[in-house]
$ cat query_0.tsv   # TSV, C-alpha atoms and all ligand atoms
chain	number	residue	atom	x	y	z
A	625	MET	CA	91.70	64.72	73.73
A	626	SER	CA	92.81	68.34	74.11
A	627	VAL	CA	93.60	69.63	77.59
A	628	ASP	CA	92.40	72.93	78.99
A	629	LEU	CA	94.48	74.77	81.61
A	630	SER	CA	91.99	77.61	82.00
A	631	VAL	CA	89.89	77.92	85.17
A	632	THR	CA	87.08	80.09	86.40
A	633	PHE	CA	87.66	81.09	90.00
A	634	THR	CA	85.30	83.39	91.93
A	635	GLY	CA	83.74	84.27	88.59
A	636	ILE	CA	87.05	85.36	87.06
A	637	ARG	CA	88.43	83.47	84.08
A	638	PHE	CA	92.16	82.64	84.28
A	639	PRO	CA	94.16	81.28	81.31
A	640	ASN	CA	95.82	78.95	83.82
A	641	PRO	CA	95.43	78.48	87.59
A	642	PHE	CA	98.95	79.74	88.43
A	643	LEU	CA	99.42	83.17	90.04
A	644	LEU	CA	102.32	85.08	91.48
A	645	SER	CA	101.46	85.87	95.10
A	646	SER	CA	101.68	89.26	96.75
A	647	ALA	CA	105.43	89.69	97.36
A	648	PRO	CA	108.61	91.04	95.69
A	649	PRO	CA	107.85	89.36	92.32
A	650	THR	CA	104.81	91.67	92.01
A	651	GLU	CA	106.20	94.83	93.62
A	652	SER	CA	106.63	96.87	90.42
A	653	GLU	CA	105.04	97.51	87.05
A	654	SER	CA	108.03	96.08	85.20
A	655	ASN	CA	107.93	92.85	87.22
A	656	ILE	CA	104.20	92.39	86.63
A	657	VAL	CA	104.59	93.05	82.90
A	658	ARG	CA	107.43	90.50	82.76
A	659	ALA	CA	105.28	88.04	84.70
A	660	PHE	CA	102.42	88.32	82.24
A	661	GLU	CA	104.84	88.05	79.32
A	662	ALA	CA	106.16	84.84	80.88
A	663	GLY	CA	102.60	83.46	80.94
A	664	TRP	CA	101.40	83.64	84.56
A	665	GLY	CA	97.60	83.38	84.62
A	666	GLY	CA	97.34	86.11	87.21
A	667	VAL	CA	99.27	88.20	89.69
A	668	VAL	CA	98.42	89.53	93.12
A	669	THR	CA	100.18	92.85	93.63
A	670	LYS	CA	102.52	93.44	96.53
A	671	THR	CA	100.21	94.65	99.32
A	672	ILE	CA	99.20	98.29	98.94
A	673	GLY	CA	98.41	100.44	102.00
A	674	LEU	CA	98.00	104.06	103.00
A	675	HIS	CA	100.53	104.23	105.84
A	676	PRO	CA	104.17	105.22	105.27
A	677	VAL	CA	106.35	102.09	105.16
A	678	VAL	CA	109.99	101.99	106.26
A	679	ASN	CA	111.73	98.62	106.12
A	680	VAL	CA	114.54	97.48	108.44
A	681	ALA	CA	118.12	98.66	107.84
A	682	GLY	CA	119.43	95.37	106.45
A	683	PRO	CA	118.40	92.46	104.26
A	684	LYS	CA	114.65	91.91	104.16
A	685	THR	CA	114.73	88.32	102.90
A	686	LYS	CA	117.18	85.43	103.03
A	687	PHE	CA	117.03	81.80	101.95
A	688	LEU	CA	117.80	78.86	104.24
A	689	ARG	CA	119.60	75.99	102.57
A	690	ALA	CA	120.38	72.50	103.89
A	691	ASN	CA	123.91	71.22	103.47
A	692	ALA	CA	123.46	68.14	101.27
A	693	GLU	CA	125.82	66.02	103.41
A	694	THR	CA	125.17	67.13	106.98
A	695	GLY	CA	121.64	68.48	106.63
A	696	THR	CA	122.69	71.59	108.57
A	697	LEU	CA	120.51	74.61	107.83
A	698	SER	CA	122.02	78.01	107.19
A	699	MET	CA	121.16	81.31	105.51
A	700	ASN	CA	124.76	82.36	105.11
A	701	LYS	CA	126.56	79.58	103.25
A	702	GLY	CA	125.95	80.81	99.69
A	703	ARG	CA	123.73	79.15	97.11
A	704	ALA	CA	125.12	75.65	97.66
A	705	GLY	CA	122.80	73.19	99.32
A	706	VAL	CA	119.16	72.33	98.98
A	707	LEU	CA	116.60	75.09	99.40
A	708	HIS	CA	114.71	74.70	102.67
A	709	SER	CA	112.82	77.97	103.02
A	710	SER	CA	112.75	81.73	102.71
A	711	TRP	CA	112.75	83.92	105.79
A	712	ASN	CA	111.59	87.53	105.59
A	713	TRP	CA	110.58	90.48	107.65
A	714	GLU	CA	109.68	92.71	104.74
A	715	LEU	CA	106.75	95.06	105.20
A	716	ILE	CA	104.04	95.80	102.62
A	717	SER	CA	104.75	97.92	99.52
A	718	ASP	CA	106.68	101.10	100.29
A	719	LYS	CA	105.06	102.74	97.24
A	720	THR	CA	102.00	104.94	97.73
A	721	LEU	CA	98.51	104.32	96.37
A	722	ASP	CA	99.08	107.30	94.04
A	723	TRP	CA	102.12	105.47	92.65
A	724	TRP	CA	100.19	102.22	92.19
A	725	ALA	CA	96.91	103.54	90.73
A	726	PRO	CA	98.05	104.60	87.23
A	727	ARG	CA	100.25	101.53	86.97
A	728	LEU	CA	97.36	99.19	87.68
A	729	GLY	CA	95.41	100.90	84.90
A	730	ARG	CA	98.31	100.66	82.45
A	731	ILE	CA	99.02	97.01	83.19
A	732	LYS	CA	95.37	96.06	82.79
A	733	LYS	CA	95.12	97.88	79.45
A	734	GLN	CA	98.23	96.08	78.20
A	735	PHE	CA	97.04	92.64	79.37
A	736	PRO	CA	93.22	92.63	79.32
A	737	ASP	CA	93.02	88.83	79.33
A	738	ARG	CA	95.30	88.36	82.39
A	739	VAL	CA	94.07	88.62	85.92
A	740	LEU	CA	95.28	91.46	88.09
A	741	ILE	CA	94.36	91.20	91.77
A	742	ALA	CA	95.18	94.12	94.08
A	743	SER	CA	96.32	93.14	97.56
A	744	ILE	CA	95.29	95.82	100.06
A	745	MET	CA	95.75	96.41	103.75
A	746	ALA	CA	94.60	98.91	106.36
A	747	GLY	CA	93.81	98.85	110.06
A	748	SER	CA	90.62	98.14	111.92
A	749	GLY	CA	90.85	100.27	115.05
A	750	SER	CA	89.03	103.43	113.91
A	751	ASP	CA	86.57	104.78	111.35
A	752	LYS	CA	89.55	106.38	109.60
A	753	GLU	CA	91.18	102.97	109.15
A	754	LEU	CA	87.96	101.46	107.84
A	755	ASP	CA	87.79	104.33	105.35
A	756	HIS	CA	91.30	103.39	104.26
A	757	TRP	CA	90.01	99.95	103.26
A	758	ARG	CA	87.23	101.60	101.25
A	759	THR	CA	89.62	104.04	99.54
A	760	LEU	CA	92.07	101.30	98.64
A	761	ALA	CA	89.33	99.01	97.33
A	762	LYS	CA	87.59	101.67	95.27
A	763	THR	CA	90.77	103.11	93.77
A	764	CYS	CA	92.15	99.72	92.73
A	765	GLN	CA	88.91	98.47	91.18
A	766	ASP	CA	88.37	101.79	89.40
A	767	GLU	CA	91.80	101.33	87.80
A	768	GLY	CA	90.71	97.94	86.47
A	769	ALA	CA	91.82	95.42	89.11
A	770	ASP	CA	89.87	92.22	88.54
A	771	GLY	CA	89.68	91.41	92.24
A	772	LEU	CA	90.84	92.45	95.69
A	773	GLU	CA	92.87	90.38	98.14
A	774	LEU	CA	92.60	91.53	101.74
A	775	ASN	CA	95.87	91.11	103.60
A	776	LEU	CA	94.66	89.85	107.00
A	777	SER	CA	97.86	87.91	107.45
A	778	CYS	CA	101.11	89.90	107.47
A	779	PRO	CA	103.01	88.24	110.35
A	780	HIS	CA	105.31	91.12	111.28
A	781	MET	CA	103.19	94.05	112.39
A	782	ASP	CA	103.63	96.19	115.48
A	783	ARG	CA	100.12	97.54	115.11
A	784	GLU	CA	97.47	95.71	117.07
A	785	ASP	CA	94.75	96.41	114.53
A	786	MET	CA	96.47	95.27	111.32
A	787	GLY	CA	97.72	92.27	109.37
A	788	SER	CA	97.69	88.92	111.13
A	789	ASN	CA	96.26	90.61	114.21
A	790	ILE	CA	93.03	91.00	112.20
A	791	GLY	CA	93.40	87.46	110.88
A	792	LYS	CA	93.56	86.11	114.45
A	793	ASP	CA	90.30	87.80	115.48
A	794	LYS	CA	87.16	86.24	114.01
A	795	GLN	CA	84.99	89.31	114.59
A	796	LEU	CA	87.47	91.62	112.92
A	797	CYS	CA	87.82	89.15	110.03
A	798	SER	CA	84.08	89.34	109.37
A	799	PHE	CA	83.84	93.04	109.95
A	800	VAL	CA	86.71	94.15	107.72
A	801	THR	CA	85.58	91.81	104.94
A	802	LYS	CA	82.08	93.25	105.09
A	803	VAL	CA	83.39	96.83	105.00
A	804	VAL	CA	85.21	96.06	101.75
A	805	LYS	CA	82.39	93.95	100.30
A	806	ASP	CA	79.99	96.85	100.78
A	807	VAL	CA	81.97	98.97	98.31
A	808	ALA	CA	83.44	96.24	96.10
A	809	THR	CA	82.26	95.67	92.55
A	810	VAL	CA	84.82	92.89	91.99
A	811	PRO	CA	85.41	89.60	93.86
A	812	VAL	CA	87.02	89.89	97.30
A	813	TRP	CA	89.52	87.28	98.53
A	814	ALA	CA	90.73	87.16	102.14
A	815	LYS	CA	94.32	86.05	102.80
A	816	LEU	CA	94.40	84.51	106.26
A	817	THR	CA	97.24	83.93	108.69
A	818	PRO	CA	98.25	80.32	109.37
A	819	ALA	CA	99.12	81.34	112.96
A	820	THR	CA	95.85	80.22	114.58
A	821	SER	CA	94.80	76.83	115.90
A	822	ASP	CA	91.80	76.20	113.65
A	823	ILE	CA	91.90	78.33	110.52
A	824	ALA	CA	88.44	77.03	109.54
A	825	MET	CA	87.07	79.39	112.21
A	826	GLU	CA	88.58	82.47	110.57
A	827	ALA	CA	87.57	81.15	107.13
A	828	GLY	CA	84.00	80.89	108.36
A	829	ALA	CA	84.24	84.45	109.66
A	830	VAL	CA	85.42	85.96	106.38
A	831	PHE	CA	82.81	83.98	104.46
A	832	ALA	CA	80.19	85.37	106.85
A	833	GLY	CA	81.51	88.84	105.96
A	834	GLY	CA	80.95	88.04	102.29
A	835	ALA	CA	84.39	86.91	101.08
A	836	ASP	CA	84.37	85.19	97.70
A	837	ALA	CA	87.49	83.13	98.47
A	838	VAL	CA	90.06	82.39	101.13
A	839	VAL	CA	93.77	82.48	100.35
A	840	SER	CA	96.26	80.53	102.46
A	841	SER	CA	99.01	80.51	103.53
A	842	ASN	CA	100.96	83.62	104.24
A	843	THR	CA	104.36	82.89	105.79
A	844	PHE	CA	104.59	81.05	109.14
A	845	PRO	CA	105.87	83.00	112.18
A	846	SER	CA	109.50	82.12	112.81
A	847	LEU	CA	112.99	83.38	113.72
A	848	PRO	CA	116.31	83.12	111.89
A	849	LEU	CA	118.75	80.57	113.36
A	850	PHE	CA	121.81	81.39	115.48
A	851	ASP	CA	125.29	81.21	114.01
A	852	ALA	CA	127.10	78.73	116.26
A	853	GLU	CA	130.40	80.66	116.11
A	854	SER	CA	129.31	84.25	116.63
A	855	LEU	CA	126.22	83.38	118.70
A	856	GLU	CA	124.40	86.03	116.67
A	857	PHE	CA	121.22	85.42	114.68
A	858	GLU	CA	122.17	84.70	111.08
A	859	MET	CA	120.06	87.68	110.10
A	860	ASN	CA	119.82	90.64	112.42
A	861	VAL	CA	120.10	94.41	112.63
A	862	ASP	CA	122.47	95.55	115.38
A	863	GLY	CA	122.19	92.06	116.90
A	864	LEU	CA	118.42	92.25	117.14
A	865	VAL	CA	115.64	90.35	115.40
A	866	SER	CA	111.89	90.24	115.60
A	867	PRO	CA	109.67	87.41	114.41
A	868	GLY	CA	109.35	87.16	110.63
A	869	GLY	CA	107.81	84.70	108.18
A	870	LEU	CA	108.92	81.35	106.81
A	871	GLY	CA	108.00	80.44	103.22
A	872	GLY	CA	109.19	77.96	100.59
A	873	PRO	CA	109.45	74.15	100.57
A	874	ALA	CA	109.50	73.85	104.39
A	875	ILE	CA	105.94	75.13	104.70
A	876	LEU	CA	104.29	72.97	102.04
A	877	PRO	CA	103.14	70.21	104.45
A	878	GLN	CA	102.03	72.78	107.04
A	879	SER	CA	100.19	74.89	104.53
A	880	ILE	CA	98.25	72.00	102.98
A	881	ALA	CA	97.19	71.02	106.51
A	882	LYS	CA	95.67	74.50	106.90
A	883	VAL	CA	93.98	74.20	103.51
A	884	ALA	CA	92.60	70.77	104.39
A	885	GLN	CA	91.01	72.15	107.56
A	886	MET	CA	89.19	74.77	105.51
A	887	THR	CA	88.19	72.79	102.43
A	888	HIS	CA	86.81	70.07	104.68
A	889	ALA	CA	84.70	72.60	106.59
A	890	PHE	CA	83.61	74.49	103.44
A	891	PRO	CA	83.73	72.05	100.52
A	892	ASP	CA	81.68	74.32	98.27
A	893	ARG	CA	83.73	77.48	98.78
A	894	SER	CA	86.68	78.80	96.78
A	895	PHE	CA	90.28	78.54	97.98
A	896	SER	CA	93.58	79.73	96.55
A	897	GLY	CA	96.54	77.72	97.92
A	898	ILE	CA	100.01	79.11	98.63
A	899	GLY	CA	103.11	77.73	100.28
A	900	GLY	CA	106.15	75.89	98.97
A	901	ILE	CA	105.04	75.54	95.36
A	902	ALA	CA	107.81	75.23	92.77
A	903	ASP	CA	106.37	72.71	90.32
A	904	PHE	CA	103.15	70.93	89.43
A	905	ARG	CA	103.66	68.09	91.93
A	906	ASP	CA	103.61	70.71	94.71
A	907	ALA	CA	100.55	72.46	93.25
A	908	LEU	CA	98.74	69.12	92.90
A	909	ASN	CA	98.62	68.84	96.72
A	910	TYR	CA	96.48	71.97	96.83
A	911	PHE	CA	94.30	70.98	93.87
A	912	LEU	CA	93.56	67.50	95.27
A	913	LEU	CA	92.42	69.15	98.52
A	914	GLY	CA	90.05	71.47	96.65
A	915	CYS	CA	91.91	74.67	95.71
A	916	GLY	CA	90.84	76.32	92.46
A	917	THR	CA	94.03	78.37	91.96
A	918	VAL	CA	97.52	78.40	93.51
A	919	GLN	CA	100.05	81.15	94.09
A	920	VAL	CA	103.87	81.21	94.19
A	921	CYS	CA	106.41	83.47	95.89
A	922	THR	CA	109.72	81.96	97.10
A	923	ALA	CA	110.40	79.78	94.04
A	924	ALA	CA	109.70	82.74	91.74
A	925	MET	CA	112.03	85.05	93.71
A	926	LEU	CA	114.87	82.63	93.02
A	927	ASP	CA	114.04	82.31	89.30
A	928	HIS	CA	114.78	85.60	87.53
A	929	ALA	CA	112.65	87.44	90.14
A	930	ILE	CA	109.35	86.51	88.50
A	931	GLY	CA	109.64	82.76	87.92
A	932	PRO	CA	109.53	82.14	84.14
A	933	ASN	CA	110.93	78.62	84.57
A	934	VAL	CA	108.66	77.91	87.52
A	935	LEU	CA	105.64	78.88	85.42
A	936	LYS	CA	106.86	76.66	82.60
A	937	ALA	CA	107.26	73.72	85.00
A	938	LEU	CA	103.75	74.32	86.32
A	939	THR	CA	102.04	74.49	82.93
A	940	THR	CA	103.98	71.65	81.30
A	941	GLY	CA	103.45	69.57	84.45
A	942	MET	CA	99.72	70.18	84.39
A	943	THR	CA	99.49	69.46	80.67
A	944	ALA	CA	101.38	66.18	81.09
A	945	PHE	CA	99.19	65.26	84.09
A	946	LEU	CA	95.99	65.83	82.14
A	947	GLU	CA	97.31	63.95	79.12
A	948	LYS	CA	98.30	61.03	81.35
A	949	ASN	CA	94.84	60.95	82.89
A	950	ALA	CA	92.91	61.53	79.68
A	951	GLY	CA	91.63	57.96	79.94
A	952	ARG	CA	89.69	58.98	83.06
A	953	GLY	CA	88.03	61.73	81.07
A	954	TRP	CA	90.00	64.48	82.80
A	955	THR	CA	90.46	67.50	80.57
A	956	SER	CA	90.63	70.35	83.07
A	957	LEU	CA	91.28	71.15	86.75
A	958	GLU	CA	87.59	70.78	87.63
A	959	ASP	CA	87.81	67.08	86.76
A	960	PHE	CA	90.21	66.30	89.63
A	961	ARG	CA	89.87	69.27	92.00
A	962	GLY	CA	89.07	68.15	95.54
A	963	LEU	CA	89.41	64.46	94.66
A	964	ARG	CA	91.33	63.64	97.88
A	965	ARG	CA	89.71	66.17	100.24
A	966	ASP	CA	87.84	63.48	102.14
A	967	ARG	CA	90.99	61.46	102.83
A	968	VAL	CA	91.80	63.75	105.77
A	969	VAL	CA	89.82	62.44	108.76
A	970	ALA	CA	89.85	62.49	112.57
A	971	HIS	CA	92.69	60.47	114.10
A	972	SER	CA	90.16	58.12	115.70
A	973	ARG	CA	88.99	57.12	112.21
A	974	ILE	CA	92.41	55.77	111.24
A	975	ARG	CA	92.41	51.96	111.36
A	976	ARG	CA	94.15	50.33	114.32
A	977	PRO	CA	95.82	46.89	114.15
A	978	GLU	CA	93.65	43.88	114.98
A	979	ASP	CA	93.27	43.28	118.77
A	980	SER	CA	95.26	40.09	118.62
A	981	GLU	CA	98.34	41.86	117.22
A	982	TYR	CA	98.20	44.95	119.41
A	983	ALA	CA	100.19	45.40	122.58
A	984	GLY	CA	99.20	49.06	122.68
A	985	GLY	CA	101.86	51.01	124.56
A	986	HIS	CA	102.45	48.25	127.08
A	987	ASP	CA	105.15	46.33	125.29
A	988	ALA	CA	106.98	44.13	127.73
A	989	GLU	CA	110.29	45.61	126.69
A	990	GLY	CA	110.76	48.93	128.40
A	991	TYR	CA	107.95	48.42	130.88
A	992	SER	CA	108.99	45.24	132.65
A	993	SER	CA	110.03	45.65	136.25
B	1001	LIG	C1	109.90	88.82	100.92
B	1001	LIG	C2	108.44	88.47	101.02
B	1001	LIG	C3	107.51	89.50	101.03
B	1001	LIG	C4	106.15	89.21	101.14
B	1001	LIG	N1	105.24	90.23	101.12
B	1001	LIG	C5	103.91	89.96	101.18
B	1001	LIG	C6	102.95	90.99	101.08
B	1001	LIG	O1	103.26	92.18	100.92
B	1001	LIG	N2	101.63	90.65	101.17
B	1001	LIG	C7	101.23	89.35	101.31
B	1001	LIG	O2	100.01	89.09	101.36
B	1001	LIG	N3	102.12	88.35	101.39
B	1001	LIG	C8	103.45	88.62	101.33
B	1001	LIG	N4	104.35	87.59	101.36
B	1001	LIG	C9	103.88	86.19	101.50
B	1001	LIG	C10	103.81	85.47	100.16
B	1001	LIG	O3	102.88	86.09	99.29
B	1001	LIG	C11	103.41	83.98	100.35
B	1001	LIG	O4	102.14	83.94	100.97
B	1001	LIG	C12	104.41	83.20	101.19
B	1001	LIG	O5	105.73	83.58	100.90
B	1001	LIG	C13	104.26	81.70	101.01
B	1001	LIG	O6	104.48	81.32	99.67
B	1001	LIG	P1	105.88	80.64	99.17
B	1001	LIG	O7	106.08	79.40	100.01
B	1001	LIG	O8	105.67	80.36	97.71
B	1001	LIG	O9	106.94	81.65	99.43
B	1001	LIG	C14	105.72	87.85	101.25
B	1001	LIG	C15	106.68	86.83	101.23
B	1001	LIG	C16	108.02	87.12	101.11
B	1001	LIG	C17	109.02	85.98	101.09

$ encode --input "query_0.tsv" --output "structure tokens"
Amino acid sequence: MSVDLSVTFTGIRFPNPFLLSSAPPTESESNIVRAFEAGWGGVVTKTIGLHPVVNVAGPKTKFLRANAETGTLSMNKGRAGVLHSSWNWELISDKTLDWWAPRLGRIKKQFPDRVLIASIMAGSGSDKELDHWRTLAKTCQDEGADGLELNLSCPHMDREDMGSNIGKDKQLCSFVTKVVKDVATVPVWAKLTPATSDIAMEAGAVFAGGADAVVSSNTFPSLPLFDAESLEFEMNVDGLVSPGGLGGPAILPQSIAKVAQMTHAFPDRSFSGIGGIADFRDALNYFLLGCGTVQVCTAAMLDHAIGPNVLKALTTGMTAFLEKNAGRGWTSLEDFRGLRRDRVVAHSRIRRPEDSEYAGGHDAEGYSS
């Protein structure tokens, strides 16, 4: 039986369900061209905005590794050790919309069968900001973008009306989505912040605003660690830090928990999963919970900047998985997508031991007087 890696997600056909997420791997035309040449099914551009962007005076991203013997985590001990996570405080693209527009058109003409999603971001505090969303959306789709991803999730923003500050406010989530939907001629995805207590609420809000899909997770709010000798943060500018975002393997369990909350609440909606994916086993977590595509950042950054080997691991892994399960009649992602979504239940539904065996928190040892 032949296997089929292609998927249709929010009405868009992808040659495979693996995308590069909005981040350094998709920050330039040459990177995106290389990504498509390597075989990625789609890319989401680095987020495009209309405000001037000036990044911090120092490294924007570092990678935390665990010492294989001691387990100690550090960003500054070279490439030895096991990758734990990425930490970044990079802002959105520092290139203007005028820079991006012709490049989107050129890329799309060169790769008509690959999916190009434009990630966009503006504010929400004034009519001018709402117009920014409209301008960004219209320009990108006019240049041939197959879809739009709304960045409602950047964790390091000073502005109250942008990024994850929109993603934390259900009304703004709905409102901004609707503003874009009103002018969009292509599918609109909303990338939500994981920094809320019940992400299903914000998912419901963007769906109410008309979103075609929810994307999760952006990075998790976090700080670099202190160096025990210098007592300085391992990453800082003039001794100072501000909260940034954690990505990579460390966030995989946290991110699938967010996805499970949403796919359980909205089993018939579309979700694109991100967080800690480096091979098919990682991606499978998202697919079994109901995601129709997945996206990759950290692993690709560490693999020739655009992840050719990561993509190969994903596609060969998926092919082998389908071949192994051919006996069940599985030939494509739709045959196993969401298969384990209903295994996540309320804690009270988890079986307790039989009464006779259970001493329930009152074990004699430790409580005897
Ligand atoms: C250096 C860096 C820059 C990023 N920039 C953006 C961005 O501009 N827009 C966005 O939506 N997400 C951005 N992200 C988040 C990633 O797209 C992704 O959601 C996150 O890193 C989790 O995926 P991962 O575990 O594969 O890294 C960035 C991540 C990193 C590490």

$ closest_residue --input "query_0.tsv" --among "A:Gly791, A:Pro811, A:Gly665, A:Gly869" --to "ligand LIG 1001 (chain B)" --atoms "all atoms listed in the file"
A:Gly869

$ residues_near_ligand --input "query_0.tsv" --ligand "ligand LIG 1001 (chain B)" --cutoff "8 Å" --atoms "only C-alpha atoms and all ligand atoms" --output "PyMOL selection string"
chain A and resi 644-648+669-672+684-685+709-717+743+773-778+815+840-843+869-876+898-902+919-924

$ closest_residue --input "query_0.tsv" --among "A:Leu864, A:Val883, A:Val627, A:Val969" --to "A:Ala827" --atoms "only C-alpha atoms"
A:Val883

$ closest_residue --input "query_0.tsv" --among "A:Ala881, A:Leu674, A:Ile974, A:Ala725" --to "A:Met745" --atoms "only C-alpha atoms"
A:Leu674

$ closest_atom_pairs --input "query_0.tsv" --of "stretch 794-905 of chain A" --to "stretch 761-768 of chain A" --cutoff "9 Å" --atoms "all atoms listed in the file" --output "tab-separated table"
residue	atom	partner	partner_atom	distance
A:Val804	CA	A:Ala761	CA	6.7
A:Val807	CA	A:Lys762	CA	6.9
A:Ala808	CA	A:Ala761	CA	6.6
A:Thr809	CA	A:Gln765	CA	7.3
A:Val810	CA	A:Gln765	CA	7.0

$ atom_distance --input "query_0.tsv" --atom1 "atom CA of A:Arg738" --atom2 "atom CA of A:Arg658"
12.3 Å

$ atom_distance --input "query_0.tsv" --atom1 "atom CA of A:Arg893" --atom2 "atom CA of A:Asn909"
17.3 Å

$ atom_distance --input "query_0.tsv" --atom1 "atom CA of A:Gly666" --atom2 "atom CA of A:Ala937"
16.0 Å

$ axis_aligned_box --input "query_0.tsv" --around "stretch 918-924 of chain A" --padding-each-side "6 Å" --output "AutoDock Vina command-line options"
--center_x 104.0 --center_y 80.9 --center_z 94.4 --size_x 24.9 --size_y 17.1 --size_z 17.4

$ build_atoms --input "query_0.tsv" --residues "stretch 917-936 of chain A" --atoms "N, CA and C atoms" --output "short mmCIF file (atom, residue, chain, number, x, y, z; two decimals), keeping the file's coordinate frame"
data_model
loop_
_atom_site.label_atom_id
_atom_site.label_comp_id
_atom_site.auth_asym_id
_atom_site.auth_seq_id
_atom_site.Cartn_x
_atom_site.Cartn_y
_atom_site.Cartn_z
N THR A 917 92.83 77.73 92.51
CA THR A 917 94.03 78.37 91.96
C THR A 917 95.15 78.17 92.98
N VAL A 918 96.40 78.40 92.56
CA VAL A 918 97.52 78.40 93.51
C VAL A 918 98.41 79.60 93.22
N GLN A 919 99.18 79.98 94.22
CA GLN A 919 100.05 81.15 94.09
C GLN A 919 101.49 80.79 94.52
N VAL A 920 102.45 81.53 93.99
CA VAL A 920 103.87 81.21 94.19
C VAL A 920 104.64 82.47 94.57
N CYS A 921 105.52 82.34 95.55
CA CYS A 921 106.41 83.47 95.89
C CYS A 921 107.88 83.04 95.90
N THR A 922 108.29 82.25 96.90
CA THR A 922 109.72 81.96 97.10
C THR A 922 110.39 81.40 95.84
N ALA A 923 109.77 80.40 95.22
CA ALA A 923 110.40 79.78 94.04
C ALA A 923 110.57 80.80 92.93
N ALA A 924 109.60 81.72 92.79
CA ALA A 924 109.70 82.74 91.74
C ALA A 924 110.81 83.74 92.06
N MET A 925 110.97 84.09 93.34
CA MET A 925 112.03 85.05 93.71
C MET A 925 113.40 84.53 93.28
N LEU A 926 113.56 83.21 93.33
CA LEU A 926 114.87 82.63 93.02
C LEU A 926 115.02 82.30 91.54
N ASP A 927 114.02 82.62 90.73
CA ASP A 927 114.04 82.31 89.30
C ASP A 927 113.79 83.60 88.52
N HIS A 928 114.86 84.35 88.29
CA HIS A 928 114.78 85.60 87.53
C HIS A 928 113.73 86.55 88.10
N ALA A 929 113.52 86.51 89.38
CA ALA A 929 112.65 87.44 90.14
C ALA A 929 111.16 87.26 89.90
N ILE A 930 110.78 86.67 88.76
CA ILE A 930 109.35 86.51 88.50
C ILE A 930 108.98 85.10 88.06
N GLY A 931 109.94 84.17 88.09
CA GLY A 931 109.64 82.76 87.92
C GLY A 931 109.23 82.27 86.55
N PRO A 932 109.93 82.67 85.45
CA PRO A 932 109.53 82.14 84.14
C PRO A 932 109.67 80.62 84.04
N ASN A 933 110.74 80.08 84.65
CA ASN A 933 110.93 78.62 84.57
C ASN A 933 109.97 77.88 85.49
N VAL A 934 109.65 78.52 86.61
CA VAL A 934 108.66 77.91 87.52
C VAL A 934 107.32 77.80 86.81
N LEU A 935 106.94 78.88 86.13
CA LEU A 935 105.64 78.88 85.42
C LEU A 935 105.64 77.80 84.35
N LYS A 936 106.77 77.68 83.66
CA LYS A 936 106.86 76.66 82.60
C LYS A 936 106.70 75.26 83.21
#
